[in-house]
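Asks: Contents of input-v4.pdb (PDB, C-alpha atoms and all ligand atoms):
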ATOM      1  CA  MET W 183     106.219 101.843 122.884
ATOM      2  CA  ALA W 184     103.237 101.310 120.605
ATOM      3  CA  ILE W 185     103.275  99.994 117.041
ATOM      4  CA  VAL W 186     103.046 102.854 114.512
ATOM      5  CA  PHE W 187     101.394 102.416 111.151
ATOM      6  CA  GLY W 188     101.761 104.388 107.888
ATOM      7  CA  LYS W 189      99.669 103.855 104.766
ATOM      8  CA  ALA W 190      99.552 105.202 101.209
ATOM      9  CA  HIS W 191      97.197 104.487  98.301
ATOM     10  CA  GLY W 192      98.113 103.602  94.742
ATOM     11  CA  LYS W 193      97.469 105.955  91.847
ATOM     12  CA  VAL W 194      96.686 106.009  88.178
ATOM     13  CA  ILE W 195      97.537 108.619  85.557
ATOM     14  CA  LEU W 196      94.432 109.576  83.560
ATOM     15  CA  PHE W 197      95.990 111.937  81.014
ATOM     16  CA  GLY W 198      99.363 113.360  80.039
ATOM     17  CA  GLU W 199     101.957 110.668  80.813
ATOM     18  CA  HIS W 200     105.309 111.110  79.044
ATOM     19  CA  ALA W 201     104.447 114.651  77.890
ATOM     20  CA  VAL W 202     104.561 115.613  81.597
ATOM     21  CA  VAL W 203     108.311 114.915  81.532
ATOM     22  CA  TYR W 204     108.576 117.575  78.765
ATOM     23  CA  ASP W 205     106.908 120.395  80.639
ATOM     24  CA  GLN W 206     103.264 119.640  79.901
ATOM     25  CA  PRO W 207     100.513 119.092  82.497
ATOM     26  CA  ALA W 208      99.099 115.692  83.494
ATOM     27  CA  ILE W 209      96.212 114.431  85.619
ATOM     28  CA  ALA W 210      96.403 111.605  88.167
ATOM     29  CA  ILE W 211      94.001 110.253  90.785
ATOM     30  CA  PRO W 212      94.423 108.104  93.907
ATOM     31  CA  VAL W 213      93.370 104.440  93.727
ATOM     32  CA  THR W 214      92.207 103.615  97.231
ATOM     33  CA  LYS W 215      91.592  99.884  96.660
ATOM     34  CA  VAL W 216      95.336  99.158  96.665
ATOM     35  CA  ASN W 217      97.771 100.285  99.345
ATOM     36  CA  ALA W 218     101.283 100.204 100.678
ATOM     37  CA  THR W 219     101.667  99.910 104.446
ATOM     38  CA  ALA W 220     104.587 100.387 106.813
ATOM     39  CA  ARG W 221     104.582  99.252 110.446
ATOM     40  CA  ILE W 222     107.185 100.199 113.021
ATOM     41  CA  LEU W 223     107.610  97.721 115.841
ATOM     42  CA  PRO W 224     109.894  98.488 118.764
ATOM     43  CA  ASN W 225     112.701  95.904 118.944
ATOM     44  CA  LEU W 226     113.328  95.523 122.641
ATOM     45  CA  GLU W 227     116.303  93.220 122.107
ATOM     46  CA  GLY W 228     118.035  95.319 119.436
ATOM     47  CA  LEU W 229     120.861  97.801 119.855
ATOM     48  CA  SER W 230     119.973 101.481 119.900
ATOM     49  CA  GLY W 231     119.767 102.822 116.343
ATOM     50  CA  GLN W 232     119.379  99.378 114.774
ATOM     51  CA  VAL W 233     116.721  99.388 112.032
ATOM     52  CA  HIS W 234     115.680  95.969 110.777
ATOM     53  CA  ILE W 235     113.682  95.954 107.531
ATOM     54  CA  GLN W 236     111.229  93.242 106.461
ATOM     55  CA  ALA W 237     109.668  93.536 103.008
ATOM     56  CA  PRO W 238     108.285  90.089 102.120
ATOM     57  CA  ASP W 239     107.023  91.213  98.686
ATOM     58  CA  ILE W 240     110.644  91.566  97.572
ATOM     59  CA  ALA W 241     112.000  88.815  99.867
ATOM     60  CA  LEU W 242     113.975  91.325 101.921
ATOM     61  CA  ASP W 243     114.720  90.696 105.596
ATOM     62  CA  MET W 244     117.875  92.474 106.788
ATOM     63  CA  ASP W 245     119.330  95.339 108.776
ATOM     64  CA  LEU W 246     119.419  98.812 107.255
ATOM     65  CA  ASP W 247     123.210  98.877 107.642
ATOM     66  CA  ALA W 248     123.521  95.813 105.377
ATOM     67  CA  LEU W 249     121.608  97.467 102.517
ATOM     68  CA  ALA W 250     123.366  99.510  99.818
ATOM     69  CA  GLU W 251     122.843 103.227 100.447
ATOM     70  CA  ASP W 252     121.100 103.660  97.118
ATOM     71  CA  HIS W 253     118.619 100.862  97.780
ATOM     72  CA  PRO W 254     115.220 102.635  97.688
ATOM     73  CA  LEU W 255     114.215 101.361 101.141
ATOM     74  CA  ALA W 256     117.555 102.365 102.679
ATOM     75  CA  LYS W 257     117.326 105.779 101.019
ATOM     76  CA  VAL W 258     113.796 106.475 102.257
ATOM     77  CA  VAL W 259     114.617 105.419 105.831
ATOM     78  CA  HIS W 260     117.717 107.648 105.884
ATOM     79  CA  LEU W 261     115.777 110.582 104.411
ATOM     80  CA  ALA W 262     112.934 110.253 106.926
ATOM     81  CA  ILE W 263     115.338 110.078 109.882
ATOM     82  CA  GLU W 264     117.385 113.032 108.569
ATOM     83  CA  ALA W 265     114.195 115.086 108.137
ATOM     84  CA  VAL W 266     113.254 114.605 111.787
ATOM     85  CA  GLN W 267     116.796 114.778 113.207
ATOM     86  CA  PRO W 268     115.924 112.873 116.380
ATOM     87  CA  THR W 269     118.376 112.871 119.265
ATOM     88  CA  HIS W 270     117.954 109.105 119.533
ATOM     89  CA  VAL W 271     116.517 106.329 117.325
ATOM     90  CA  PRO W 272     115.501 103.259 119.342
ATOM     91  CA  ALA W 273     115.958  99.781 117.845
ATOM     92  CA  ILE W 274     113.034  99.064 115.551
ATOM     93  CA  THR W 275     111.723  96.650 112.962
ATOM     94  CA  LEU W 276     110.155  98.246 109.877
ATOM     95  CA  GLN W 277     107.663  95.986 108.084
ATOM     96  CA  VAL W 278     106.684  97.007 104.566
ATOM     97  CA  ASN W 279     103.821  95.424 102.626
ATOM     98  CA  SER W 280     101.966  96.381  99.494
ATOM     99  CA  THR W 281      98.947  95.274  97.501
ATOM    100  CA  ILE W 282      99.892  97.627  94.641
ATOM    101  CA  PRO W 283     100.972  95.734  91.510
ATOM    102  CA  ILE W 284     104.703  96.336  90.870
ATOM    103  CA  SER W 285     105.933  97.929  87.606
ATOM    104  CA  ALA W 286     102.357  98.401  86.464
ATOM    105  CA  GLY W 287     102.025 102.187  86.510
ATOM    106  CA  MET W 288     100.123 102.249  89.806
ATOM    107  CA  GLY W 289     102.702 104.089  91.862
ATOM    108  CA  SER W 290     103.913 101.182  93.998
ATOM    109  CA  SER W 291     107.390 102.652  94.546
ATOM    110  CA  ALA W 292     106.125 106.116  95.537
ATOM    111  CA  ALA W 293     103.415 104.630  97.769
ATOM    112  CA  ILE W 294     105.957 102.504  99.642
ATOM    113  CA  SER W 295     108.137 105.580 100.189
ATOM    114  CA  VAL W 296     105.183 107.664 101.398
ATOM    115  CA  ALA W 297     103.971 104.910 103.766
ATOM    116  CA  VAL W 298     107.487 104.508 105.242
ATOM    117  CA  ILE W 299     107.953 108.276 105.657
ATOM    118  CA  ARG W 300     104.541 108.587 107.328
ATOM    119  CA  ALA W 301     105.241 105.712 109.741
ATOM    120  CA  LEU W 302     108.817 106.685 110.630
ATOM    121  CA  THR W 303     108.284 110.407 111.084
ATOM    122  CA  THR W 304     105.184 109.732 113.205
ATOM    123  CA  PHE W 305     107.119 107.183 115.273
ATOM    124  CA  LEU W 306     109.913 109.718 115.797
ATOM    125  CA  GLY W 307     107.375 112.297 116.980
ATOM    126  CA  ALA W 308     107.429 114.703 114.019
ATOM    127  CA  PRO W 309     104.929 113.697 111.294
ATOM    128  CA  LEU W 310     105.540 115.677 108.114
ATOM    129  CA  PRO W 311     102.994 117.564 105.951
ATOM    130  CA  PRO W 312     102.258 116.252 102.405
ATOM    131  CA  LEU W 313     104.530 118.837 100.750
ATOM    132  CA  GLU W 314     107.565 117.530 102.629
ATOM    133  CA  ILE W 315     106.547 113.881 102.321
ATOM    134  CA  SER W 316     106.237 114.360  98.564
ATOM    135  CA  ALA W 317     109.669 116.035  98.324
ATOM    136  CA  LEU W 318     111.369 113.164 100.171
ATOM    137  CA  ALA W 319     109.548 110.503  98.134
ATOM    138  CA  TYR W 320     110.652 112.317  94.966
ATOM    139  CA  GLU W 321     114.307 111.761  95.942
ATOM    140  CA  VAL W 322     113.620 108.016  96.091
ATOM    141  CA  GLU W 323     111.695 108.109  92.779
ATOM    142  CA  LYS W 324     114.908 109.339  91.149
ATOM    143  CA  ILE W 325     116.556 106.006  92.030
ATOM    144  CA  HIS W 326     113.692 104.087  90.409
ATOM    145  CA  HIS W 327     113.016 106.240  87.369
ATOM    146  CA  GLY W 328     116.039 108.419  86.647
ATOM    147  CA  THR W 329     114.206 111.611  85.676
ATOM    148  CA  PRO W 330     110.721 111.343  87.197
ATOM    149  CA  SER W 331     108.286 114.188  86.582
ATOM    150  CA  GLY W 332     107.154 114.092  90.234
ATOM    151  CA  ILE W 333     103.494 113.287  89.520
ATOM    152  CA  ASP W 334     103.477 109.977  91.457
ATOM    153  CA  ASN W 335     104.895 111.306  94.723
ATOM    154  CA  ASN W 336     102.523 114.281  94.597
ATOM    155  CA  VAL W 337      99.244 112.449  93.936
ATOM    156  CA  ILE W 338     100.162 109.819  96.523
ATOM    157  CA  ALA W 339     101.371 112.196  99.242
ATOM    158  CA  TYR W 340      98.313 114.471  98.884
ATOM    159  CA  GLN W 341      95.784 111.632  98.257
ATOM    160  CA  LYS W 342      93.751 113.887  95.987
ATOM    161  CA  PRO W 343      93.107 114.141  92.244
ATOM    162  CA  VAL W 344      95.870 116.383  90.909
ATOM    163  CA  TYR W 345      96.517 118.520  87.885
ATOM    164  CA  PHE W 346     100.283 118.330  87.906
ATOM    165  CA  TRP W 347     102.622 120.543  85.933
ATOM    166  CA  LYS W 348     106.322 120.453  86.755
ATOM    167  CA  ASP W 349     107.568 123.752  88.217
ATOM    168  CA  HIS W 350     104.006 125.088  88.624
ATOM    169  CA  PRO W 351     102.036 125.114  91.883
ATOM    170  CA  ILE W 352     100.142 121.838  92.184
ATOM    171  CA  GLU W 353      96.360 122.078  91.581
ATOM    172  CA  PHE W 354      93.802 119.834  93.265
ATOM    173  CA  LEU W 355      90.669 119.069  91.293
ATOM    174  CA  SER W 356      87.325 119.706  92.940
ATOM    175  CA  ILE W 357      85.201 117.004  91.305
ATOM    176  CA  GLU W 358      81.544 117.944  90.777
ATOM    177  CA  ASN W 359      80.364 114.690  89.175
ATOM    178  CA  PRO W 360      81.891 111.287  89.976
ATOM    179  CA  SER W 361      83.359 108.964  87.350
ATOM    180  CA  HIS W 362      84.341 105.266  87.275
ATOM    181  CA  TRP W 363      87.658 104.059  85.925
ATOM    182  CA  VAL W 364      88.416 100.438  85.075
ATOM    183  CA  ILE W 365      92.140  99.691  85.271
ATOM    184  CA  ALA W 366      93.320  96.534  83.497
ATOM    185  CA  ASP W 367      96.758  94.965  83.690
ATOM    186  CA  THR W 368      98.312  93.511  80.531
ATOM    187  CA  GLY W 369     100.567  91.355  82.725
ATOM    188  CA  GLU W 370     103.461  92.581  80.605
ATOM    189  CA  GLY W 371     105.758  95.107  82.139
ATOM    190  CA  ARG W 372     108.541  97.362  81.077
ATOM    191  CA  PRO W 373     110.209  99.531  83.716
ATOM    192  CA  THR W 374     109.161 103.177  83.460
ATOM    193  CA  ARG W 375     112.825 104.163  83.313
ATOM    194  CA  GLU W 376     113.132 102.243  80.008
ATOM    195  CA  SER W 377     110.013 103.631  78.338
ATOM    196  CA  VAL W 378     110.995 107.165  79.403
ATOM    197  CA  SER W 379     114.452 106.738  77.872
ATOM    198  CA  ALA W 380     112.991 105.192  74.689
ATOM    199  CA  VAL W 381     110.829 108.319  74.301
ATOM    200  CA  ARG W 382     113.900 110.475  74.963
ATOM    201  CA  GLU W 383     115.756 108.695  72.143
ATOM    202  CA  LEU W 384     112.854 109.302  69.772
ATOM    203  CA  TYR W 385     112.655 112.934  70.833
ATOM    204  CA  ASP W 386     116.366 113.406  70.136
ATOM    205  CA  THR W 387     115.883 112.207  66.541
ATOM    206  CA  ASP W 388     113.458 115.044  65.775
ATOM    207  CA  PRO W 389     112.856 117.400  68.726
ATOM    208  CA  LYS W 390     110.526 119.725  66.800
ATOM    209  CA  SER W 391     108.035 117.030  65.762
ATOM    210  CA  TYR W 392     107.985 115.398  69.185
ATOM    211  CA  GLU W 393     107.646 118.759  70.890
ATOM    212  CA  ALA W 394     104.500 119.236  68.767
ATOM    213  CA  ILE W 395     103.098 115.887  69.971
ATOM    214  CA  PHE W 396     103.795 116.785  73.609
ATOM    215  CA  HIS W 397     102.077 120.106  73.043
ATOM    216  CA  GLN W 398      98.981 118.388  71.627
ATOM    217  CA  ILE W 399      98.916 116.065  74.636
ATOM    218  CA  GLY W 400      99.116 119.152  76.854
ATOM    219  CA  GLU W 401      96.027 120.561  75.120
ATOM    220  CA  VAL W 402      94.163 117.279  75.664
ATOM    221  CA  VAL W 403      95.043 117.473  79.367
ATOM    222  CA  GLN W 404      93.828 121.046  79.708
ATOM    223  CA  ASN W 405      90.471 120.084  78.170
ATOM    224  CA  ALA W 406      90.315 116.934  80.271
ATOM    225  CA  LYS W 407      90.655 118.936  83.468
ATOM    226  CA  GLU W 408      87.325 120.724  82.942
ATOM    227  CA  ALA W 409      85.620 117.578  81.596
ATOM    228  CA  LEU W 410      86.770 115.545  84.607
ATOM    229  CA  ILE W 411      85.522 118.129  87.082
ATOM    230  CA  ALA W 412      82.142 118.152  85.314
ATOM    231  CA  GLY W 413      82.085 114.343  84.856
ATOM    232  CA  ASP W 414      81.432 114.808  81.112
ATOM    233  CA  LEU W 415      81.882 111.165  80.063
ATOM    234  CA  ASP W 416      81.451 111.643  76.327
ATOM    235  CA  PHE W 417      84.041 114.393  76.042
ATOM    236  CA  LEU W 418      86.419 112.623  78.456
ATOM    237  CA  GLY W 419      86.138 109.444  76.390
ATOM    238  CA  TRP W 420      86.907 111.341  73.192
ATOM    239  CA  LEU W 421      89.914 112.962  74.864
ATOM    240  CA  MET W 422      91.181 109.572  76.083
ATOM    241  CA  ASP W 423      91.070 108.196  72.560
ATOM    242  CA  LYS W 424      92.914 111.251  71.290
ATOM    243  CA  ASN W 425      95.551 110.953  74.044
ATOM    244  CA  GLN W 426      96.002 107.266  73.166
ATOM    245  CA  ARG W 427      96.602 108.087  69.475
ATOM    246  CA  LEU W 428      99.261 110.602  70.489
ATOM    247  CA  LEU W 429     100.878 108.047  72.837
ATOM    248  CA  GLU W 430     100.961 105.599  69.928
ATOM    249  CA  GLU W 431     102.985 108.181  68.017
ATOM    250  CA  LEU W 432     105.465 108.073  70.911
ATOM    251  CA  ASN W 433     105.654 104.305  70.371
ATOM    252  CA  VAL W 434     104.701 103.445  73.967
ATOM    253  CA  SER W 435     101.623 101.354  73.271
ATOM    254  CA  SER W 436     101.957  97.579  72.760
ATOM    255  CA  PRO W 437      99.976  94.881  70.939
ATOM    256  CA  LYS W 438      98.409  93.710  74.200
ATOM    257  CA  LEU W 439      97.529  97.253  75.274
ATOM    258  CA  ASP W 440      95.927  97.768  71.852
ATOM    259  CA  VAL W 441      93.845  94.580  72.248
ATOM    260  CA  LEU W 442      92.593  95.613  75.710
ATOM    261  CA  ILE W 443      91.856  99.171  74.612
ATOM    262  CA  ARG W 444      89.814  97.910  71.656
ATOM    263  CA  ALA W 445      87.957  95.384  73.855
ATOM    264  CA  ALA W 446      87.016  98.095  76.372
ATOM    265  CA  ARG W 447      85.719 100.397  73.651
ATOM    266  CA  GLU W 448      83.715  97.606  72.018
ATOM    267  CA  ALA W 449      82.175  96.759  75.407
ATOM    268  CA  GLY W 450      80.854 100.289  75.685
ATOM    269  CA  ALA W 451      83.587 102.241  77.486
ATOM    270  CA  ALA W 452      83.405 105.967  76.805
ATOM    271  CA  GLY W 453      87.132 105.924  76.049
ATOM    272  CA  ALA W 454      90.278 103.917  76.758
ATOM    273  CA  LYS W 455      94.021 104.466  76.778
ATOM    274  CA  LEU W 456      97.236 103.188  78.274
ATOM    275  CA  SER W 457      98.232 104.604  81.633
ATOM    276  CA  GLY W 458     101.708 105.334  82.973
ATOM    277  CA  GLY W 459     104.934 104.393  81.238
ATOM    278  CA  GLY W 460     103.244 102.072  78.711
ATOM    279  CA  CYS W 461     104.906  99.347  76.561
ATOM    280  CA  GLY W 462     102.769  96.987  78.688
ATOM    281  CA  GLY W 463     101.602  97.771  82.201
ATOM    282  CA  ASN W 464      98.073  99.045  82.666
ATOM    283  CA  MET W 465      95.374 100.548  80.521
ATOM    284  CA  ILE W 466      92.349 102.460  81.775
ATOM    285  CA  ALA W 467      88.801 102.664  80.515
ATOM    286  CA  LEU W 468      86.122 105.151  81.477
ATOM    287  CA  ALA W 469      82.764 103.474  81.993
ATOM    288  CA  SER W 470      79.312 104.629  82.998
ATOM    289  CA  PRO W 471      78.051 102.697  86.083
ATOM    290  CA  GLU W 472      75.787 100.432  83.996
ATOM    291  CA  LYS W 473      78.677  99.471  81.654
ATOM    292  CA  ILE W 474      81.311  98.714  84.325
ATOM    293  CA  SER W 475      80.793  94.949  84.648
ATOM    294  CA  LYS W 476      80.534  94.481  80.874
ATOM    295  CA  VAL W 477      83.809  96.370  80.371
ATOM    296  CA  GLU W 478      85.543  94.429  83.194
ATOM    297  CA  GLN W 479      84.391  91.118  81.719
ATOM    298  CA  ALA W 480      85.469  92.079  78.196
ATOM    299  CA  LEU W 481      88.911  93.032  79.474
ATOM    300  CA  ILE W 482      89.404  89.712  81.267
ATOM    301  CA  GLU W 483      88.188  87.812  78.186
ATOM    302  CA  ALA W 484      90.645  89.796  76.067
ATOM    303  CA  GLY W 485      93.536  88.663  78.293
ATOM    304  CA  ALA W 486      93.842  91.161  81.164
ATOM    305  CA  VAL W 487      95.397  89.510  84.214
ATOM    306  CA  ARG W 488      93.417  91.696  86.599
ATOM    307  CA  THR W 489      90.996  94.599  86.640
ATOM    308  CA  ILE W 490      90.589  97.159  89.419
ATOM    309  CA  THR W 491      87.684  99.575  89.193
ATOM    310  CA  THR W 492      88.074 102.831  91.048
ATOM    311  CA  LEU W 493      85.592 105.590  91.722
ATOM    312  CA  LEU W 494      86.646 109.204  91.438
ATOM    313  CA  PRO W 495      84.215 110.656  93.952
ATOM    314  CA  THR W 496      82.811 114.142  94.273
ATOM    315  CA  SER W 497      85.330 116.207  96.229
ATOM    316  CA  GLU W 498      85.794 119.579  97.810
ATOM    317  CA  VAL W 499      89.224 121.164  97.626
ATOM    318  CA  ARG W 500      90.206 122.051 101.180
TER     319      ARG W 500
HETATM  320  O1  LIG A   1     104.594 104.178  85.002
HETATM  321  P1  LIG A   1     104.266 105.243  86.003
HETATM  322  O2  LIG A   1     102.879 105.201  86.517
HETATM  323  O3  LIG A   1     105.286 105.391  87.064
HETATM  324  O4  LIG A   1     104.185 106.600  85.235
HETATM  325  C1  LIG A   1     105.198 107.102  84.459
HETATM  326  C2  LIG A   1     104.731 108.399  83.926
HETATM  327  C3  LIG A   1     105.708 109.065  83.005
HETATM  328  O5  LIG A   1     105.101 110.282  82.589
HETATM  329  C4  LIG A   1     105.954 108.212  81.775
HETATM  330  C5  LIG A   1     107.039 109.358  83.679
HETATM  331  C6  LIG A   1     106.971 110.426  84.739
HETATM  332  O6  LIG A   1     107.965 110.547  85.467
HETATM  333  O7  LIG A   1     105.999 111.180  84.819
END
Turn this file's structure into structure tokens for me.
Replies:
Amino acid sequence: MAIVFGKAHGKVILFGEHAVVYDQPAIAIPVTKVNATARILPNLEGLSGQVHIQAPDIALDMDLDALAEDHPLAKVVHLAIEAVQPTHVPAITLQVNSTIPISAGMGSSAAISVAVIRALTTFLGAPLPPLEISALAYEVEKIHHGTPSGIDNNVIAYQKPVYFWKDHPIEFLSIENPSHWVIADTGEGRPTRESVSAVRELYDTDPKSYEAIFHQIGEVVQNAKEALIAGDLDFLGWLMDKNQRLLEELNVSSPKLDVLIRAAREAGAAGAKLSGGGCGGNMIALASPEKISKVEQALIEAGAVRTITTLLPTSEVR
């Protein structure tokens, strides 16, 4: 039996986070420089059906049976096996690794689920299409985030730039002009579940006003879709700044995010905003190719623990 390998990229949300939970669209793109990987190794000495899991990033090294059923790795393994319904599961070791920063808005949990589903279903002889991979990963996202919109599992399972709107057919963006995105980590994290529930509490204090903010974010996202396809940096930058101001009204920015956003703008970024759950985590800046290194340097000098620059390339929707 050969070793089987599954891989999934990270992601970043460009526009529309938080509002996407309240029935507005959002845009996310894959980040191919960071990945989660899953390897299945046959365990010739194990008992039939025994699944041993090794995930050094979270210091986990134990049998599936010893993990709580609602542990995300246990859940994803059970879901993948149930989806295939094999007559027999040989003894295996599942090794999970990831270079995606954790709790930083880069989709590490969804990417791990997608990589595991890809590896296991391929190993069991029935690899699943992205639609089904995304649906299974969504079930695991619920454990991490409570009420996830579903944007992470979709952009990661399809590996394409997506215009995501809950309960609408997913749209893939056919990019005509490439753009460069600098992602910078504040080094401060707050779990997405917490920032989503903080926004929910605010919303409950005055649903009408917050509904209006979500609606304005939705309008930004609709404009951003066309600007992103065309690679219109000036308009995209303006829209990012507008989206950031609206996110500030939701109270999900942070002093460190504000410092990094200002530093990126002063270094010549076309626009900058937080990305993902906020209250720490990552920010993103849009930079023309000649400004990228200046923006990266300014972000590090302003206290970013890491920058990752990703290219959104020209793409054809297939
Ligand atoms: O922090 P992330 O990248 O997992 O993104 C969270 C995005 C939210 O819109 C805040 C929540 C969601 O489920 O879409």
Asks: Show me which residues sit within 9 Å of ligand LIG 1 (chain A) when counting all atoms listed in the file, and put them as a PyMOL selection string.
Replies: chain W and resi 193-195+198-204+208+285-292+323+327-334+372-375+377-378+381+457-460+463-464
Asks: Name the residues within 8 Å of (113.2, 111.6, 110.6), counting all atoms listed in the file in the file's coordinates, and put them as a PyMOL selection string.
Replies: chain W and resi 259-268+299+302-303+306+308
Asks: For range 473-480 of chain W, list every protein, DNA or RNA residue within 12 Å, evaluated using only C-alpha atoms, and leave out those in the same chain fewer than 2 positions away; present the list as an MDAnalysis selection string.
Replies: chainID W and resid 361:367 441:454 465:471 482:493
Asks: For Leu355 in chain W, which residue out of W:Gly462, W:Gly413, W:Gly228, W:Pro309 is the nearest one, using all atoms listed in the file?
Replies: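 Nearest to Leu355 in chain W: W:Gly413.
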Asks: Rounded to one decimal, what separation in Å do you get between CA of Glu376 in chain W and CA of Ser435 in chain W?
Replies: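 About the pair CA of Glu376 in chain W and CA of Ser435 in chain W: they are 13.4 Å apart.
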Asks: So that I can check the surroundings of range 313-321 of chain W, please list as a PyMOL selection string every protein, DNA and RNA residue that reaches within 6 Å of it, counting all atoms listed in the file and ignoring chain neighbours fewer than 5 positions away.
Replies: chain W and resi 295+335-336+339
Asks: To test the calculation: enclose all listed atoms of range 371-387 of chain W in a box whose edges run along x, y and z, add 5 Å on each side, then state centre and edge lengths in Å to one decimal, as AutoDock Vina command-line options.
Replies:
--center_x 111.1 --center_y 104.3 --center_z 75.1 --size_x 20.6 --size_y 28.3 --size_z 27.2
Asks: Record the distance separating CA of Gln277 in chain W and CA of Ile338 in chain W, expressed in Å with one decimal.
Replies: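 We find that CA of Gln277 in chain W and CA of Ile338 in chain W lie 19.5 Å from each other.
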Asks: Rounded to one decimal in Å, what is the spacing between CA of Val402 in chain W and CA of Asn425 in chain W?
Replies: 6.7 Å
Asks: List the spatial neighbours of Glu431 in chain W as a ChimeraX atom specification - criterion: any atom at most 12 Å away, all atoms listed in the file, same-chain residues fewer than 6 positions off excluded.
Replies: /W:200-201,381,384-385,391-396,398-399,424-425
Asks: Would you list the contacts of range 244-252 of chain W as a ChimeraX atom specification, taking every protein, DNA or RNA residue within 6 Å and counting only C-alpha atoms, but skipping same-chain residues closer than 3 positions in sequence?
Replies: /W:233-235,256-257
Asks: Name the residues captured by the PyMOL selection byres (((chain W and resi 276) around 9) and not hetatm) when it is applied to the shown file; answer as a ChimeraX atom specification.
Replies: /W:220-224,233-237,274-275,277-278,298,301-302
Asks: Looking at all atoms listed in the file, which of W:Ala380, W:Leu229, W:Leu439, W:Leu429 is the one that sits closest to Thr368 in chain W?
Replies: W:Leu439
Asks: Between W:Arg427, W:Lys348, W:Lys390, W:Lys407, which one has atoms that come closest to Leu196 in chain W, using all atoms listed in the file?
Replies: W:Lys407
Asks: With distances taken over all atoms listed in the file, which residue among W:Leu481, W:Pro351, W:Thr219, W:Gly419 lies nearest Asp440 in chain W?
Replies: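 The answer is W:Leu481, which sits nearest to Asp440 in chain W.
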Asks: Let me make sure I understand: among W:Ala241, W:Val337, W:Ala297, W:Leu255, which one has the smallest atom-to-atom distance to Ala190 in chain W if we use only C-alpha atoms?
Replies: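 Using only C-alpha atoms, Ala190 in chain W sits closest to W:Ala297.
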Asks: Since the input lacks some atoms of range 221-235 of chain W, please model N, CA and C atoms and print them as an mmCIF file, in the frame of the given file.
Replies:
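result_36.cif was written with the following content:
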data_model
loop_
_atom_site.group_PDB
_atom_site.id
_atom_site.type_symbol
_atom_site.label_atom_id
_atom_site.label_comp_id
_atom_site.auth_asym_id
_atom_site.auth_seq_id
_atom_site.Cartn_x
_atom_site.Cartn_y
_atom_site.Cartn_z
ATOM 1 N N ARG W 221 104.825 99.358 108.992
ATOM 2 C CA ARG W 221 104.582 99.252 110.446
ATOM 3 C C ARG W 221 105.909 99.340 111.158
ATOM 4 N N ILE W 222 105.954 100.109 112.229
ATOM 5 C CA ILE W 222 107.185 100.199 113.021
ATOM 6 C C ILE W 222 106.946 99.475 114.337
ATOM 7 N N LEU W 223 107.726 98.461 114.581
ATOM 8 C CA LEU W 223 107.610 97.721 115.841
ATOM 9 C C LEU W 223 108.873 97.960 116.664
ATOM 10 N N PRO W 224 108.709 98.346 117.916
ATOM 11 C CA PRO W 224 109.894 98.488 118.764
ATOM 12 C C PRO W 224 110.604 97.136 118.886
ATOM 13 N N ASN W 225 111.929 97.150 118.823
ATOM 14 C CA ASN W 225 112.701 95.904 118.944
ATOM 15 C C ASN W 225 113.443 95.954 120.278
ATOM 16 N N LEU W 226 112.823 95.354 121.279
ATOM 17 C CA LEU W 226 113.328 95.523 122.641
ATOM 18 C C LEU W 226 114.688 94.857 122.840
ATOM 19 N N GLU W 227 115.011 93.903 121.958
ATOM 20 C CA GLU W 227 116.303 93.220 122.107
ATOM 21 C C GLU W 227 117.405 93.841 121.256
ATOM 22 N N GLY W 228 117.049 94.761 120.364
ATOM 23 C CA GLY W 228 118.035 95.319 119.436
ATOM 24 C C GLY W 228 118.905 96.382 120.084
ATOM 25 N N LEU W 229 119.987 96.727 119.372
ATOM 26 C CA LEU W 229 120.861 97.801 119.855
ATOM 27 C C LEU W 229 120.268 99.137 119.444
ATOM 28 N N SER W 230 120.498 100.151 120.228
ATOM 29 C CA SER W 230 119.973 101.481 119.900
ATOM 30 C C SER W 230 120.389 101.879 118.476
ATOM 31 N N GLY W 231 119.460 102.379 117.707
ATOM 32 C CA GLY W 231 119.767 102.822 116.343
ATOM 33 C C GLY W 231 119.643 101.724 115.301
ATOM 34 N N GLN W 232 119.457 100.493 115.745
ATOM 35 C CA GLN W 232 119.379 99.378 114.774
ATOM 36 C C GLN W 232 117.994 99.370 114.107
ATOM 37 N N VAL W 233 117.991 99.432 112.769
ATOM 38 C CA VAL W 233 116.721 99.388 112.032
ATOM 39 C C VAL W 233 116.725 98.101 111.218
ATOM 40 N N HIS W 234 115.795 97.223 111.539
ATOM 41 C CA HIS W 234 115.680 95.969 110.777
ATOM 42 C C HIS W 234 114.516 96.118 109.807
ATOM 43 N N ILE W 235 114.735 95.748 108.540
ATOM 44 C CA ILE W 235 113.682 95.954 107.531
ATOM 45 C C ILE W 235 113.175 94.603 107.036
#
